[in-house]
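*Asks:* So that we are looking at the same thing, I have put the structure below in structure tokens.
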Amino acid sequence: SISLHFHKENRTMRKDLPGPSFPIPGALHDLERAPYNLLPYPEDFQDDDEAARAESFDALVLHVENGNRSVLCASIALFESEDDDEEQWNDEERMQAMYTLVRKSSSIAVQTKTRLIDALCKATHALGRILSDFARSSSKNDHHKQQVVPEEFRSAFSFHIYMLFSVMFFTESEAKGAVGIKDRRSENKSEQIELNAIRSTCAEAMLSACIAMCKNKSHLWKRGVADEAVAMLPCRIAYQILEASTGVVAKRAACGDIALKIISSTIDYSGNLLSQIVAALVDLLHAYEHMAPLVAELCAMVNEVPTNRLGVELMREIGRLNTSVESDTGGKASGIRNVAPFINELARMRPRLVLTSVSHILPHLNSEPYSIRSAIVTAIGHILVHIGSLESTDPNASNNQSESHLEMSKSRDALLEILVERVLDVSSFTRAAVLKAWISIVQSGSLPIDRLLTLTSLAADRLQDKTVMVRRHAMQLLVVLLEHNPFLASLDPKPYSDKLAEIYETLKETMPDDIKAAKEIQKEAQDEETNKQIDEAALSAAISYAENMETLSDCDEEFRSNVKALKFTQSALDFITQFEYAGKACHSMLLSKNTSDVTEALRFFVKARHFQLPCAITGMKHALSLMWSSENSIRDEVLQAFAEIFIAVPGTHGDENLPDSQIAHNLLVLVGNASVSELASIEEGLGRLVKLERIPAEVFLIIWSIASKADSETRAASLMVLSMAASADRSIVDSASRLRLMVEAGLGDYVEEKNDWKTIRSAACALQRVSLSNLDPTSAKALVLEQIIERLCIVIRGDWCVDERLNDTLNWFSAAEQAINALFVVSEEPEVECAEVIRAMTATTFGGYNTEQPKMCHSLRLARFFFVLGHVALKTLVHTEYLSSALRRANGKKSLKQQEIADSALARKSRGDSGTENDTDAIETELGVAAEVEAENERRFADISEKEILGRGIIKNFTPLLARVVGNDGGNFESEILRQSSTLALCKFMCISTSFCEEHLPLVFTTLSNAPSMDTTFRANLVVALGDHAFRFPNEVEPYTPRLYACLRDSSTKVRRHTLMVLTHLILNDMVKVKGQVCEIALCLRDDDARIRDMSRLLFYELSKRSNNPIYNLLPDIISQLSQLSLQKEDFRNIMSFLLGFITKERQNEMLIEKLCQRFPKCQSISQKADLTFCISQLKINEKSLKSLIDQFRLYKDALFDDEVKKCFISIIVKAKKSAKPEMKGYLEEWEGKLNDHSLIGQENEDIGQKAIRAKAKAAKRAGKRSKRRAQPLHSIQEMSQDNEEDAGNGEMIATS
């Protein structure tokens, strides 16, 4: 066997041998073979029982510890001495003992193992210290000749490092097995702590040996050529440690930092091992996803003088990777996915290093795996941030024209172009990574100013991306661009536009004299358009002249400064314009189903408002419609955005409010130009903020003062804001003093003089928030209300309207509607007040009830009268139902109290109390009477609704006249306003009474069909009114449903959209049965208007969610009706592909295929059969369906000559073969053969039939010619011969057929 102590006679002989004296074995158990020939156990090892075995292990450890004593206090002289006694610490027995202990380290006692590791680590530390001391002493003694340690030391050093490597290998394997243990009891935790302590001790010893070995390799090996087997041992165990460093905690437990130091030290001092280390690291990167940051950290630890060799080599190796997904080696998708993060991490830690090596990885931008493309663009972002930081730290960098700076600028521009190009990458993950890179560049201030507009346009364009993730990052990029814009804090376009116009005028006045003179010469005798072009050309020439001049006078210098100001201002306006475009894209994002889109769009509008962009107000108005969203998170986000934009100080996230006057101004601006739908949403948001006390009370005091002094528009907006706030807090308007202000501001002399119907409408809306509960008739509030009722009646009568002004009446309609609504709120007897109003209007319109001579009245006056009639009738119905429900609630409370008394009486009776039986009977009798009374009340109120309002009241007198006007009796009522008002009043009457509705439905549908084609609003409103009738009286409207569906074919998009909306509402609420007319809705799937298409899709989607899935029952009729229409093939297929996608159940697919096959004989054309075949091919085919198709072959075999029919059946076979069982494939092949055979036969028959038809046509034509010749006696011989020839040819053809 080889002994690690060498005799004197062997030293001279082995001194010059090039090979190692202790060759590193391939595995630990190889030490039992030649040339080592160690034994598993020493010869004197006792293993009779566990106690003897433990004592033997202790003796071996003691032997090792005793051998350490000499080396711990010795130097290199210990190995140079020729005394055998001094070498006993390193004899064969010690080697055998250490091998046995290391080999059985996993099974020996913990205390014994700890002693072994402690002794081994101390010996390793001591040997490393001895080597370092020898190197220092050698350097001092002889600077020209490198002295090498003795062979004995090199062997001992190699042996101890290998033993330490083996112990660490076993320890790491043990730790890896312990990771999967879920039981974390106290004993397991203590074992884990001990294990971590052992790992730490061994790792530090290995690091010490590695550093000593690498630093002093010239003294350890001759000529400094290291033994790679020995030198790579620390790195090998370091790799295993890094494999276990899966996280921060695991890295600390496994001593991952020490492992990185081991590898970095090896690289720094042993360059010849770099290729092996790089190969190992690349394999680790491929195999483990957690290795990327660790390897990047390792690259950062390596010495960068002169270059970071490890980082460069790794980048080169990554550039050589085969990224093809089909590759079976280094190009596996999982491996590439693990390697890609390394590029990101390295670029973040060492951007300069990646910049120098970026050419190696750029070709991967065209590779398939998106992960590596995403990693590269992220790395480019880190590089550009680094370049920007260099320029910011060196203020003269931009003016430095050195070669290095020019090269850096060129690289930056090239990398920026790559990011611009990759924002259109095919992968959404890469596009998102590019946008994130742009965000980091902008945030770090590294974006060149000349790229600002390009990047803004790019981000706005990505708002239209189909992926949510990309849209979210594009929105975040826009917000970051706003926050870091180089312009002023305010981006209101008006000041910039004014400044631009001012600069243009200044430039025209101060341009150089020679250019100005040339301009004046050119402008002589030219038209205005030409002169404008000359001015622009002269200005451009002057700007170019000023930019190219090197020496300038004071005037020229001033001109150049104005040119710079012009460019700056123009850039600011272009920047604002792009954000206005982005704001329009954000409007569509507010309608997205994805919460992330909505949230990011709201945050964008908040930020835009901070910079005073106009799109913030319009965007927030659109966003307020989301106050009606079913998701609480969206509603809360909208409310928060509302508060941040209009109430809070910018940047405080709603924690600090603006001044009260500013809040009031913001609310007035918001309400001022809002539409009716926007006002409803604003009211909801404002009401919630008032409830949450986010708006100070002083704001409404300011608005009250504004309402009493401002002009018409501001006054109307002020009263509307107060009305909205009062919906949440009535006290804002419900007091005597504020009602008095309301009369003065909204119903007083000012509005009468100005005919300010908008302000009147706002005041009426505010009055609807007033409460009459507990009102004292003698109070100041009651007196003010009497005055308000009087003024409201005047408004309703239209006494201030001028008949000659159409707009006056048009504006009166909305004011009168709200005034009637307010009258039913503030009056205790509104029906009396309304009756007086109707009588007064009757007198002014017709001259009273009893007029012997007919009186002509103005059409607008009659329109106002009908409007009041209709709305009063409708509000009377609402008021009646309100009283009925109030009475029902009161009776319910009374009955509940009586029931409680009866229950207590029964309880006393059960206890045997006397005198309770009669009381109980009385209570039960009273309860029965109460139920009868309640039923009688219900009948009475129903009678009032059905007969009283239109049958016995004052309104009854005008229903015949109303019907005549709607029907345009005698053509005397042609006024458009009168037609709209009278029809609306009639529809309101029809909502009240069943009999009245049934009687006048024919008139309404006749009016709808006869309506002018240009009056789309009238037809659309009439459709909505019919929808209300269908909802209230479905049985009466049901016979007219086809005429309602017919409106889906109206020429007006508005009418079709309203009709579809009404039908969707009725169908989903089961007010209208889904019948054959649903084909009309199916056609809407191909409508030109996108909103109509989306609404029809929504209807079918909602129908499909029902348990019975009515689409399945409707499909056969839809297919049949669509096939009979002159519909394009593409439209038919798109419609049916969408509808057939809702058939998901196998049973429904089977039944539908069978039904469609049964329809083949009933088809009248080959195109209908092709449509049926296409529908069958779109369904999911299973084994049973295939058998059904094969069995019913006779039904469709005659249609197989058509190419479309055959293609559809072949596609069914192709899909079926992919999942068919082996026994089914035979049937499919047989079926395919029959299809091909009958297709050929059918094609031949079709060709013959076509020839026969042509021959028959020719024969008929020839017979006609013969009849003409018989009428003429003279015929030429030539004509006769030609006829005979034709007869012969046609006879042959007919015989063939």
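To be explicit about the labels: the chains of the structure tokens are called A, B, and onward in the order shown, and within each one the residues are counted from 1, while ligands get numbers from 1 in the order they are shown.
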Leaving out Ile789 (chain A) and any residue of its chain fewer than 2 positions from it, which residues lie within 8 Å of it when counting only C-alpha atoms, given as a list of chain:residue names?
*Replies:*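 My reading of the contact set: A:Leu785, A:Glu786, A:Gln787, A:Arg791, A:Leu792, A:Cys793, A:Leu823, A:Val826, A:Ser827.
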*Asks:* Atoms to include: all heavy atoms. Write the selected residues as an mmCIF file, in the first residue's frame.
*Replies:*
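Saved as part.cif:
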```cif
data_model
loop_
_atom_site.group_PDB
_atom_site.id
_atom_site.type_symbol
_atom_site.label_atom_id
_atom_site.label_comp_id
_atom_site.auth_asym_id
_atom_site.auth_seq_id
_atom_site.Cartn_x
_atom_site.Cartn_y
_atom_site.Cartn_z
ATOM 1 N N LEU A 785 -92.958 76.670 1.510
ATOM 2 C CA LEU A 785 -93.400 75.629 0.596
ATOM 3 C C LEU A 785 -94.634 76.061 -0.190
ATOM 4 O O LEU A 785 -94.792 75.694 -1.362
ATOM 5 C CB LEU A 785 -93.670 74.332 1.357
ATOM 6 C CG LEU A 785 -92.439 73.565 1.852
ATOM 7 C CD1 LEU A 785 -92.848 72.346 2.665
ATOM 8 C CD2 LEU A 785 -91.561 73.137 0.680
ATOM 9 N N GLU A 786 -95.537 76.815 0.455
ATOM 10 C CA GLU A 786 -96.705 77.326 -0.276
ATOM 11 C C GLU A 786 -96.269 78.230 -1.421
ATOM 12 O O GLU A 786 -96.810 78.158 -2.528
ATOM 13 C CB GLU A 786 -97.614 78.080 0.683
ATOM 14 C CG GLU A 786 -98.325 77.184 1.687
ATOM 15 C CD GLU A 786 -99.230 77.986 2.617
ATOM 16 O OE1 GLU A 786 -99.319 79.221 2.412
ATOM 17 O OE2 GLU A 786 -99.829 77.382 3.526
ATOM 18 N N GLN A 787 -95.271 79.051 -1.141
ATOM 19 C CA GLN A 787 -94.764 79.932 -2.196
ATOM 20 C C GLN A 787 -94.099 79.110 -3.309
ATOM 21 O O GLN A 787 -94.258 79.417 -4.493
ATOM 22 C CB GLN A 787 -93.766 80.913 -1.596
ATOM 23 C CG GLN A 787 -93.253 81.965 -2.573
ATOM 24 C CD GLN A 787 -92.271 82.919 -1.917
ATOM 25 O OE1 GLN A 787 -91.939 82.773 -0.728
ATOM 26 N NE2 GLN A 787 -91.801 83.898 -2.672
ATOM 27 N N ARG A 791 -95.028 78.873 -7.383
ATOM 28 C CA ARG A 791 -94.070 79.106 -8.462
ATOM 29 C C ARG A 791 -93.943 77.865 -9.368
ATOM 30 O O ARG A 791 -93.794 77.999 -10.586
ATOM 31 C CB ARG A 791 -92.705 79.470 -7.880
ATOM 32 C CG ARG A 791 -92.703 80.660 -6.949
ATOM 33 C CD ARG A 791 -93.081 81.937 -7.657
ATOM 34 N NE ARG A 791 -92.052 82.405 -8.559
ATOM 35 C CZ ARG A 791 -92.096 83.557 -9.227
ATOM 36 N NH1 ARG A 791 -93.170 84.352 -9.078
ATOM 37 N NH2 ARG A 791 -91.128 83.921 -10.036
ATOM 38 N N LEU A 792 -94.010 76.688 -8.770
ATOM 39 C CA LEU A 792 -93.936 75.469 -9.572
ATOM 40 C C LEU A 792 -95.128 75.363 -10.520
ATOM 41 O O LEU A 792 -94.975 74.933 -11.673
ATOM 42 C CB LEU A 792 -93.863 74.235 -8.664
ATOM 43 C CG LEU A 792 -92.556 74.002 -7.907
ATOM 44 C CD1 LEU A 792 -92.692 72.811 -6.975
ATOM 45 C CD2 LEU A 792 -91.394 73.789 -8.868
ATOM 46 N N CYS A 793 -96.296 75.723 -10.052
ATOM 47 C CA CYS A 793 -97.483 75.687 -10.919
ATOM 48 C C CYS A 793 -97.328 76.642 -12.092
ATOM 49 O O CYS A 793 -97.745 76.343 -13.220
ATOM 50 C CB CYS A 793 -98.731 76.021 -10.103
ATOM 51 S SG CYS A 793 -99.188 74.726 -8.915
ATOM 52 N N LEU A 823 -93.498 68.906 -7.475
ATOM 53 C CA LEU A 823 -94.831 69.219 -6.949
ATOM 54 C C LEU A 823 -95.421 68.029 -6.207
ATOM 55 O O LEU A 823 -96.063 68.199 -5.159
ATOM 56 C CB LEU A 823 -95.742 69.644 -8.107
ATOM 57 C CG LEU A 823 -97.149 70.116 -7.719
ATOM 58 C CD1 LEU A 823 -97.071 71.359 -6.843
ATOM 59 C CD2 LEU A 823 -97.967 70.401 -8.973
ATOM 60 N N VAL A 826 -93.463 68.117 -2.643
ATOM 61 C CA VAL A 826 -93.623 69.204 -1.666
ATOM 62 C C VAL A 826 -95.084 69.500 -1.353
ATOM 63 O O VAL A 826 -95.369 70.228 -0.390
ATOM 64 C CB VAL A 826 -92.921 70.482 -2.173
ATOM 65 C CG1 VAL A 826 -91.452 70.240 -2.385
ATOM 66 C CG2 VAL A 826 -93.570 70.995 -3.464
ATOM 67 N N SER A 827 -96.022 68.979 -2.140
ATOM 68 C CA SER A 827 -97.438 69.259 -1.902
ATOM 69 C C SER A 827 -98.093 68.071 -1.210
ATOM 70 O O SER A 827 -97.824 66.912 -1.551
ATOM 71 C CB SER A 827 -98.141 69.548 -3.232
ATOM 72 O OG SER A 827 -99.532 69.714 -3.023
#
```
*Asks:* Taking the backbone alone, and naming residues the way the document does, which bits of region 981-1018 of chain A are alpha helix (DSSP H) by DSSP, as a PyMOL selection string?
*Replies:* chain A and resi 981-990+994-1010+1016-1018
*Asks:* Using only C-alpha atoms, which protein or nucleic acid residues come within 12 Å of Met1014 (chain A)? Drop anything in the same chain fewer than 3 positions from it, and give the result as a ChimeraX atom specification.
*Replies:* /A:976,1010-1011,1017-1020,1050-1052,1054-1055
*Asks:* Once you have the residues from the selection above, write them out as a PDB file, in the first residue's frame, restricted to all heavy atoms.
*Replies:*
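File again.pdb, as written:
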```
ATOM      1  N   GLU A 976     -93.583  68.475 -35.827  1.00  0.00           N
ATOM      2  CA  GLU A 976     -92.723  67.417 -35.295  1.00  0.00           C
ATOM      3  C   GLU A 976     -92.762  67.403 -33.768  1.00  0.00           C
ATOM      4  O   GLU A 976     -92.864  66.336 -33.156  1.00  0.00           O
ATOM      5  CB  GLU A 976     -91.289  67.624 -35.787  1.00  0.00           C
ATOM      6  CG  GLU A 976     -90.304  66.586 -35.276  1.00  0.00           C
ATOM      7  CD  GLU A 976     -88.894  66.849 -35.765  1.00  0.00           C
ATOM      8  OE1 GLU A 976     -88.720  67.725 -36.651  1.00  0.00           O
ATOM      9  OE2 GLU A 976     -87.958  66.197 -35.264  1.00  0.00           O
ATOM     10  N   ASN A1010     -95.414  54.672 -39.673  1.00  0.00           N
ATOM     11  CA  ASN A1010     -95.586  55.857 -40.522  1.00  0.00           C
ATOM     12  C   ASN A1010     -94.668  56.999 -40.133  1.00  0.00           C
ATOM     13  O   ASN A1010     -94.755  58.075 -40.733  1.00  0.00           O
ATOM     14  CB  ASN A1010     -97.039  56.343 -40.469  1.00  0.00           C
ATOM     15  CG  ASN A1010     -98.003  55.325 -41.041  1.00  0.00           C
ATOM     16  OD1 ASN A1010     -97.634  54.493 -41.875  1.00  0.00           O
ATOM     17  ND2 ASN A1010     -99.253  55.375 -40.591  1.00  0.00           N
ATOM     18  N   ALA A1011     -93.812  56.804 -39.156  1.00  0.00           N
ATOM     19  CA  ALA A1011     -92.947  57.884 -38.691  1.00  0.00           C
ATOM     20  C   ALA A1011     -91.975  58.286 -39.793  1.00  0.00           C
ATOM     21  O   ALA A1011     -91.539  57.450 -40.587  1.00  0.00           O
ATOM     22  CB  ALA A1011     -92.173  57.435 -37.449  1.00  0.00           C
ATOM     23  N   THR A1017     -84.934  59.802 -33.653  1.00  0.00           N
ATOM     24  CA  THR A1017     -85.137  59.924 -32.202  1.00  0.00           C
ATOM     25  C   THR A1017     -86.563  59.556 -31.820  1.00  0.00           C
ATOM     26  O   THR A1017     -86.800  58.876 -30.805  1.00  0.00           O
ATOM     27  CB  THR A1017     -84.814  61.353 -31.744  1.00  0.00           C
ATOM     28  OG1 THR A1017     -83.473  61.684 -32.101  1.00  0.00           O
ATOM     29  CG2 THR A1017     -84.981  61.479 -30.236  1.00  0.00           C
ATOM     30  N   PHE A1018     -87.519  59.980 -32.629  1.00  0.00           N
ATOM     31  CA  PHE A1018     -88.917  59.670 -32.345  1.00  0.00           C
ATOM     32  C   PHE A1018     -89.146  58.156 -32.384  1.00  0.00           C
ATOM     33  O   PHE A1018     -89.790  57.581 -31.504  1.00  0.00           O
ATOM     34  CB  PHE A1018     -89.808  60.383 -33.366  1.00  0.00           C
ATOM     35  CG  PHE A1018     -91.261  60.022 -33.273  1.00  0.00           C
ATOM     36  CD1 PHE A1018     -92.022  60.434 -32.186  1.00  0.00           C
ATOM     37  CD2 PHE A1018     -91.879  59.263 -34.262  1.00  0.00           C
ATOM     38  CE1 PHE A1018     -93.364  60.099 -32.094  1.00  0.00           C
ATOM     39  CE2 PHE A1018     -93.214  58.928 -34.174  1.00  0.00           C
ATOM     40  CZ  PHE A1018     -93.955  59.350 -33.081  1.00  0.00           C
ATOM     41  N   ARG A1019     -88.619  57.492 -33.410  1.00  0.00           N
ATOM     42  CA  ARG A1019     -88.806  56.051 -33.514  1.00  0.00           C
ATOM     43  C   ARG A1019     -88.090  55.315 -32.383  1.00  0.00           C
ATOM     44  O   ARG A1019     -88.610  54.339 -31.831  1.00  0.00           O
ATOM     45  CB  ARG A1019     -88.293  55.545 -34.871  1.00  0.00           C
ATOM     46  CG  ARG A1019     -89.019  56.157 -36.054  1.00  0.00           C
ATOM     47  CD  ARG A1019     -88.886  55.307 -37.303  1.00  0.00           C
ATOM     48  NE  ARG A1019     -87.526  55.010 -37.664  1.00  0.00           N
ATOM     49  CZ  ARG A1019     -86.705  55.814 -38.341  1.00  0.00           C
ATOM     50  NH1 ARG A1019     -87.149  57.009 -38.727  1.00  0.00           N
ATOM     51  NH2 ARG A1019     -85.484  55.441 -38.645  1.00  0.00           N
ATOM     52  N   ALA A1020     -86.900  55.763 -32.041  1.00  0.00           N
ATOM     53  CA  ALA A1020     -86.161  55.110 -30.954  1.00  0.00           C
ATOM     54  C   ALA A1020     -86.894  55.257 -29.624  1.00  0.00           C
ATOM     55  O   ALA A1020     -87.016  54.291 -28.845  1.00  0.00           O
ATOM     56  CB  ALA A1020     -84.753  55.695 -30.852  1.00  0.00           C
ATOM     57  N   ASP A1050     -84.474  48.306 -39.006  1.00  0.00           N
ATOM     58  CA  ASP A1050     -84.603  49.721 -39.309  1.00  0.00           C
ATOM     59  C   ASP A1050     -83.303  50.250 -39.913  1.00  0.00           C
ATOM     60  O   ASP A1050     -82.209  49.763 -39.606  1.00  0.00           O
ATOM     61  CB  ASP A1050     -84.946  50.497 -38.033  1.00  0.00           C
ATOM     62  CG  ASP A1050     -85.442  51.902 -38.324  1.00  0.00           C
ATOM     63  OD1 ASP A1050     -84.596  52.793 -38.562  1.00  0.00           O
ATOM     64  OD2 ASP A1050     -86.659  52.103 -38.352  1.00  0.00           O
ATOM     65  N   SER A1051     -83.438  51.239 -40.765  1.00  0.00           N
ATOM     66  CA  SER A1051     -82.251  51.806 -41.413  1.00  0.00           C
ATOM     67  C   SER A1051     -81.377  52.606 -40.451  1.00  0.00           C
ATOM     68  O   SER A1051     -80.190  52.810 -40.718  1.00  0.00           O
ATOM     69  CB  SER A1051     -82.681  52.709 -42.581  1.00  0.00           C
ATOM     70  OG  SER A1051     -83.532  53.756 -42.104  1.00  0.00           O
ATOM     71  N   SER A1052     -81.961  53.035 -39.361  1.00  0.00           N
ATOM     72  CA  SER A1052     -81.213  53.856 -38.397  1.00  0.00           C
ATOM     73  C   SER A1052     -80.493  52.974 -37.378  1.00  0.00           C
ATOM     74  O   SER A1052     -81.085  52.076 -36.771  1.00  0.00           O
ATOM     75  CB  SER A1052     -82.170  54.812 -37.675  1.00  0.00           C
ATOM     76  OG  SER A1052     -81.517  55.443 -36.589  1.00  0.00           O
ATOM     77  N   LYS A1054     -79.414  53.980 -34.550  1.00  0.00           N
ATOM     78  CA  LYS A1054     -79.940  54.335 -33.231  1.00  0.00           C
ATOM     79  C   LYS A1054     -81.199  53.543 -32.915  1.00  0.00           C
ATOM     80  O   LYS A1054     -81.364  53.023 -31.793  1.00  0.00           O
ATOM     81  CB  LYS A1054     -80.231  55.833 -33.186  1.00  0.00           C
ATOM     82  CG  LYS A1054     -80.709  56.349 -31.842  1.00  0.00           C
ATOM     83  CD  LYS A1054     -80.895  57.863 -31.884  1.00  0.00           C
ATOM     84  CE  LYS A1054     -81.318  58.403 -30.530  1.00  0.00           C
ATOM     85  NZ  LYS A1054     -81.498  59.875 -30.563  1.00  0.00           N
ATOM     86  N   VAL A1055     -82.082  53.423 -33.879  1.00  0.00           N
ATOM     87  CA  VAL A1055     -83.326  52.667 -33.657  1.00  0.00           C
ATOM     88  C   VAL A1055     -83.018  51.191 -33.437  1.00  0.00           C
ATOM     89  O   VAL A1055     -83.585  50.552 -32.541  1.00  0.00           O
ATOM     90  CB  VAL A1055     -84.285  52.861 -34.850  1.00  0.00           C
ATOM     91  CG1 VAL A1055     -85.529  52.000 -34.678  1.00  0.00           C
ATOM     92  CG2 VAL A1055     -84.670  54.331 -34.982  1.00  0.00           C
TER      93      VAL A1055
END
```
*Asks:* Need to verify the contact set: Ile449 (chain A), 10 Å, only C-alpha atoms, exclusion of same-chain residues closer than 4 positions in sequence. Can you return it as a count of residues only?
*Replies:* 5
*Asks:* Any idea what's packed within 12 Å of Ser132 (chain A), counting only C-alpha atoms, ignoring anything in its chain fewer than 2 positions away? Could you give it as JSON, numbers by chain?
*Replies:* {"A": [75, 76, 125, 126, 127, 128, 129, 130, 134, 135, 136, 137, 138, 139, 148, 149, 208, 209, 210, 211, 212, 213, 214, 215, 216, 217, 218, 219, 220]}
*Asks:* What does the distance between CA of Glu65 (chain A) and CA of Ile237 (chain A) come to in Å, to one decimal place?
*Replies:*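 CA of Ile237 (chain A) lies at a distance of 24.5 Å from CA of Glu65 (chain A).
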*Asks:* Using only C-alpha atoms, find the one residue out of A:Val61, A:Ile241, A:Met475, A:Ile1181 that sits nearest to Ala109 (chain A).
*Replies:*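 Between A:Val61, A:Ile241, A:Met475, A:Ile1181, the residue approaching Ala109 (chain A) most closely is A:Val61.
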*Asks:* Which residues come within 9 Å of Val230 (chain A), counting only C-alpha atoms, excluding same-chain residues fewer than 3 positions away, as a list in words?
*Replies:*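 Once the adjacent positions are removed, what remains is Pro23, Ile24, Ser158, Ile161, Tyr162, Ala226, Asp227, Leu233 and Pro234 of chain A.
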*Asks:* Could you take the residues named above and write them with N, CA and C atoms, as a PDB file, in the first residue's frame?
*Replies:*
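Saved as result-v1.pdb:
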```pdb
ATOM      1  N   PRO A  23      -2.889  10.522  -5.642  1.00  0.00           N
ATOM      2  CA  PRO A  23      -3.869  10.777  -6.703  1.00  0.00           C
ATOM      3  C   PRO A  23      -5.283  10.785  -6.127  1.00  0.00           C
ATOM      4  N   ILE A  24      -6.087  11.752  -6.565  1.00  0.00           N
ATOM      5  CA  ILE A  24      -7.463  11.873  -6.074  1.00  0.00           C
ATOM      6  C   ILE A  24      -8.299  10.762  -6.677  1.00  0.00           C
ATOM      7  N   SER A 158      -3.237  17.201   0.032  1.00  0.00           N
ATOM      8  CA  SER A 158      -4.240  16.659  -0.887  1.00  0.00           C
ATOM      9  C   SER A 158      -5.155  15.672  -0.173  1.00  0.00           C
ATOM     10  N   ILE A 161      -7.622  17.513   2.134  1.00  0.00           N
ATOM     11  CA  ILE A 161      -8.668  18.210   1.368  1.00  0.00           C
ATOM     12  C   ILE A 161      -9.690  17.208   0.831  1.00  0.00           C
ATOM     13  N   TYR A 162      -9.197  16.051   0.372  1.00  0.00           N
ATOM     14  CA  TYR A 162     -10.128  15.053  -0.140  1.00  0.00           C
ATOM     15  C   TYR A 162     -11.011  14.491   0.974  1.00  0.00           C
ATOM     16  N   ALA A 226      -0.986  23.546 -11.424  1.00  0.00           N
ATOM     17  CA  ALA A 226      -1.767  22.903 -10.374  1.00  0.00           C
ATOM     18  C   ALA A 226      -2.292  21.557 -10.823  1.00  0.00           C
ATOM     19  N   ASP A 227      -2.411  20.687  -9.845  1.00  0.00           N
ATOM     20  CA  ASP A 227      -3.085  19.416 -10.072  1.00  0.00           C
ATOM     21  C   ASP A 227      -4.588  19.689 -10.102  1.00  0.00           C
ATOM     22  N   LEU A 233     -11.373  20.227  -6.163  1.00  0.00           N
ATOM     23  CA  LEU A 233     -12.176  19.671  -5.068  1.00  0.00           C
ATOM     24  C   LEU A 233     -12.998  20.741  -4.346  1.00  0.00           C
ATOM     25  N   PRO A 234     -12.423  21.878  -3.955  1.00  0.00           N
ATOM     26  CA  PRO A 234     -13.256  22.903  -3.305  1.00  0.00           C
ATOM     27  C   PRO A 234     -14.405  23.373  -4.197  1.00  0.00           C
TER      28      PRO A 234
END
```
*Asks:* Hey, which of A:Ser708, A:Glu713, A:Val721, A:Thr1173 ends up closest to Asp749 (chain A)? Count only C-alpha atoms.
*Replies:* A:Ser708
*Asks:* Would you compute the distance between CA of Pro40 (chain A) and CA of Thr100 (chain A)? Give it in Å to one decimal.
*Replies:*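 CA of Thr100 (chain A) lies 6.0 Å from CA of Pro40 (chain A).
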